[in-house]
Each structure stands twice: as C-alpha cells, then as structure tokens.
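**Q** Here it is: the structure, laid out below.
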Amino acid sequence: MKEAILGLGKDTLIYGIGSMVSRFISLLLLPLFTAYLAPADYGIMAMLALLAMVAQPVFGLGMGAAMGPAYFQGNDPNRKSATVWTAFLLLLASSCVLLVLAWAVPAPLSRLVTRTDEHSLLVSLTLTGTVFGILATPFTMRMQFDRKTREFVRITLLGALLSTALSVVAVAHMGWGVKGMIAAQAVGQALNFLMFLAAGARGTAIAYAKPIGAELLRLGIPLVPGFAFIFILLQGNRYILQWLEGLDQVGIYSIGFNIGMVMTIVVGGVTQAWYPFFMSYIDKPEDARRTFGVITYYYVIIVGGITVLFFILAHPMILLLTKPPFHQAYLVVGFSAMSQFLVGLFSLLAPGMYFQKEVRFVSLWQGISAMVSLPLGFIMVTHWGLFGAGLALTVSSTFLPLSQWLWNQHRKRDYVAIDYPWRRLAIPALTYLGTAAASLLLVPDRLIWSITFSILLCAGLTAFAYWQVRLVGSFPSLLKVKAKAA
C-alpha cells in the first residue's frame, strides 16, 4: 500500500508542478496586467469566464467523467482507441452547435452576462476558445488514463506560456486592453488543442463505435446538470455582486478568487491523479478500504494546512501584487482556496459511487450545494459585501463532501467500506479553522506588520502540521491503529 500511495503522490506532484508554474506566471504578471486593466475590465473578463464555464460542461456532454468506465472496460487497446475517437466525434458535433451560437447570436448572450451588447465580439471570442477546450478533452483524458503525466504537463506548460506571451503582447504592447486578453486566450486554447491532439491521438485509428457512443452519452448526459450546479456554486456570487455592488466589485472579487484558485495546483494535481488511481482498485475492495482512508487522512492534514496558508498570506500578498483599488481582494483569497479543498475532499469520498456506476447521483449533491449557495450568497453579500461573497462560497461548498459522506453511509452495504479516521482529524480541523479566522480578524494596517504576523502564523502552522504527521507515525503504524479500531 505504501508503494501505491507514493505512486499517487508522485503523479500528484508532477501534475502539481505543471499547474504551479502556470499559476506562478499568472501571479508574476498580475502587477503588469492590473496596471493596464481597470477593475471593471476584470469584471468583464470574470463575467465572460462565467459564460464559458456554463458552455463547457453543457456542450462537453460530461465526457470527461464518462470516458473512464468505457475506457478501462476489458483493458482492450482497440476499445480504448475507439473510446477516444467516439468521444471526440460526439464533441465535434456539439462544438459545431456552440460555434454557430457564438457567432450568430452573441448580442443576446452579451446582454445576459454583462447587461449590454457592447461586448458581443468578446462573447464570440470567448466561446470560440471554449470550443477548442472541449475538443481537447478526449485526448487529455487519454493521456491521464495512460499516466503519461510528464508529457501532459509539458504540453500544458507550453500552452500556458504561449497564451501568456500572447496576452502580454496584446495588452501591454498593442494596447488592446480586455479585447487583447480575450483574443490571446482563445488563440492559446487553439494551440493547446492542436498539441494535445498530436500527442493524445498517437497510436489510435479514427473510428466511431455506436455502442460506445451510446454508453458515453448514457453516462455523461446525466452529469451535465451537475456541472451547471458546480458553476452556480463556485461562480454564482459574481452575478450577485454585479447585481448588488457593480462590475468594480466583481473585478476585485475575481482577483481574490483567482489567486485563491492557485490552490488548484495542489487539489487539481490530487484529483487528476486520483481518478485513474482509485479506478485501478475496482476489483480490490479490501485494499481500497485501507488505502483510501490513509490517503484521506493525509489529504486533510497536508492539503488542509496549505489551504490555511492562503488565509494567512492573503493580505500581504494582495498588497504586494496589486494596486490600491484591488486591495480588498484579500478577503476572498482564503475562501476561494477553501472551496477547492472541499471539492477535492468530495472527490476522495466518491470511489464507491463510481465502482457501482452510480455517478448520476453526483449531480444531486452538486445541486443541493448550488441551491444553498444562491440564497446564502444573496444574504451574505447584502450584509458583508466581498467578505460575505467569500464566506458564502465556503459554506455552500461544504455541502458537497457532507452530502457524499451521508450518501456513503446510506449505501454502505453496497459501497466499498473505507476506514476514514474522522476522530483523529477533529483537532487538526479545529486548529486550521481557528488559524484562518485569526488571519481574517487580526489584520495589521501596515504592510511590514502584516508580513511579520503572517510569518509567525506560518511558523506555528508548519510546526503543528509536522507534529500531526509525527503523531500518526509511519504508514504501518496508522494501519495498525485502524485495524484495532475496526
């Protein structure tokens, strides 16, 4: 089991390094872009991003999640090749519909997301980039399934570098503003698709398998509402802010939200490595019972500790990276990171549902969280503005892992029984929450004191996390404790 967990950790690290470099580049250039773009410009980009986030899952047909069971069935190379191309051809058809909408009726879509049709061209460019992202899905999934992590990361990094370079030229050199940023991102997504097509299609033959297509649609279509619910959960607060506070506040919120999304370096690495890892245990329930519990423990201790760092470092980071009009964005950073942590925890609790091919219930838990987020977001934004938007995001996201855990308990006779060490996690969880609250409530006025306070909190948090890991001890000792508990 130790070797299996270390293998998962290795894949997570590789994916994480790729995301880290991409996010680091974005952070490094944040002072440059905030010098050329106003808060309202960031508000426009944030609202257009919401449009893309709706279009991607709807026209993506849930293929990212549906391909796994079809791809791994029978471990047949011919079936794997057919799965990739069948998924691509289905997505090609749906993407053509999206492309027609993008250029035929951009004005109504612009009014829907920005309350004006002045941004129709930006809508068309945004959705065109989304089309290329959708078409890349089968090939990116194949590389993940076959654990070609290094090549996957190399392509991702190259695509990010090209997109960033184009953005700098368009915004800083050409002076095209928000239009240049959107256009550069669309071109970057097109280049990214071509690179993944060349790598992910290697060794396959173009073919459409009707039975596989029916299976992909059967598994994928029920997930589409779930993706829409995730969109509402993570992004709905932007609409509420726009309605109550205006585009300037949306722009400030999106800066804090996007910095918090750097957390996807860790969580995205875990979830990308997690899916092929846990699917390999579909015929080994006893091994899964022990291994998955240990992985969940270390996820909470290590990834939870990293999440708290976002709360601690938010204030000095925002002061150093942005201009004064954006400084209130620090209120959102930690909450954004926490929402990603909770989404990752939800994924760790889901293997039993995938083993039983009951992934349709994912949409139910996502729907519950999304429906909670709307009234909660409205109430909290009305009373506390940016802080309320961030807090509502975290509270609503909590319903994802909570709903999944309750469902696992309901279906425990049929699902793989995993030993989760929840009691051992109580003290770390309370400590992390207390530290996050202190970093928000005790904010020094001056930058030097903010940095000093953050350093002290980071030192204490690191010592605590190290103590927790040492307290548990090695993998065998943890298993021994679990065996006694069982």
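Every chain in the structure tokens takes a letter, A first, then B, and so on in the order presented; its residues are numbered from 1, and the ligands are numbered from 1 following the presented order.
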Excluding Gln249 (chain A) and its own-chain neighbours fewer than 4 positions away, which residues fall within 10 Å of it when counting only C-alpha atoms? Please give them as a list in words.
**A**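 The filter keeps Pro39, Ala40, Tyr42, Gly43, Arg238, Leu241, Gln242, Leu244, Glu245, Tyr253, Ser254, Ile255, Pro325, Phe326, Gln328, Ala329, Gly385 and Leu386 of chain A.
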**Q** Can you pull out every residue within 7 Å of Arg289 (chain A), counting only C-alpha atoms, but drop anything in the same chain fewer than 3 positions away, and send it as a list in words?
**A**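 Here the answer would be Pro285, Glu286, Phe292, Gly293, Val416, Ala417, Ile418 and Asp419 of chain A.
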**Q** Could you please write out, as a ChimeraX atom specification, every residue of region 4-239 of chain A that DSSP assigns to alpha helix (DSSP H)?
**A** /A:4-28,30-36,39-60,63-72,77-104,106-114,120-135,137-145,149-168,177-200,210-220,224-239
**Q** Which residues, written as a ChimeraX atom specification, have at least one atom at most 7 Å from region 116-126 of chain A, with only C-alpha atoms counted and residues fewer than 3 positions away on the same chain left out?
**A** /A:48,52,102-103,106-108,110-111,129-130,179,182-183,186
**Q** Those same residues - C-alpha atoms - I'd like them written as a short mmCIF file (atom, residue, chain, number, x, y, z; two decimals), in the first residue's frame.
**A**
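The result, stored in again.cif:
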```
data_model
loop_
_atom_site.label_atom_id
_atom_site.label_comp_id
_atom_site.auth_asym_id
_atom_site.auth_seq_id
_atom_site.Cartn_x
_atom_site.Cartn_y
_atom_site.Cartn_z
CA LEU A 48 -17.30 36.19 -19.75
CA ALA A 52 -17.51 29.79 -20.78
CA ALA A 102 -21.04 32.09 -30.64
CA TRP A 103 -21.01 33.98 -33.93
CA PRO A 106 -23.50 36.93 -29.48
CA ALA A 107 -25.50 40.09 -28.65
CA PRO A 108 -28.21 38.35 -26.53
CA SER A 110 -23.59 39.57 -24.07
CA ARG A 111 -26.69 41.19 -22.58
CA GLY A 129 -11.77 29.38 -27.22
CA THR A 130 -14.18 27.21 -25.24
CA LYS A 179 -10.15 42.58 -26.07
CA ILE A 182 -9.67 37.50 -24.53
CA ALA A 183 -8.31 37.06 -28.06
CA ALA A 186 -8.70 31.97 -27.47
#
```
**Q** Contacts of Thr307 (chain A) at 8 Å or less, counting only C-alpha atoms, minus same-chain residues fewer than 2 places along, as a count of residues only?
**A** 11
**Q** Residues near Gln409 (chain A), anyone? I mean within 12 Å using only C-alpha atoms, not counting same-chain ones fewer than 4 positions away, as a PyMOL selection string.
**A** chain A and resi 349-350+352-353+402-405+413-420
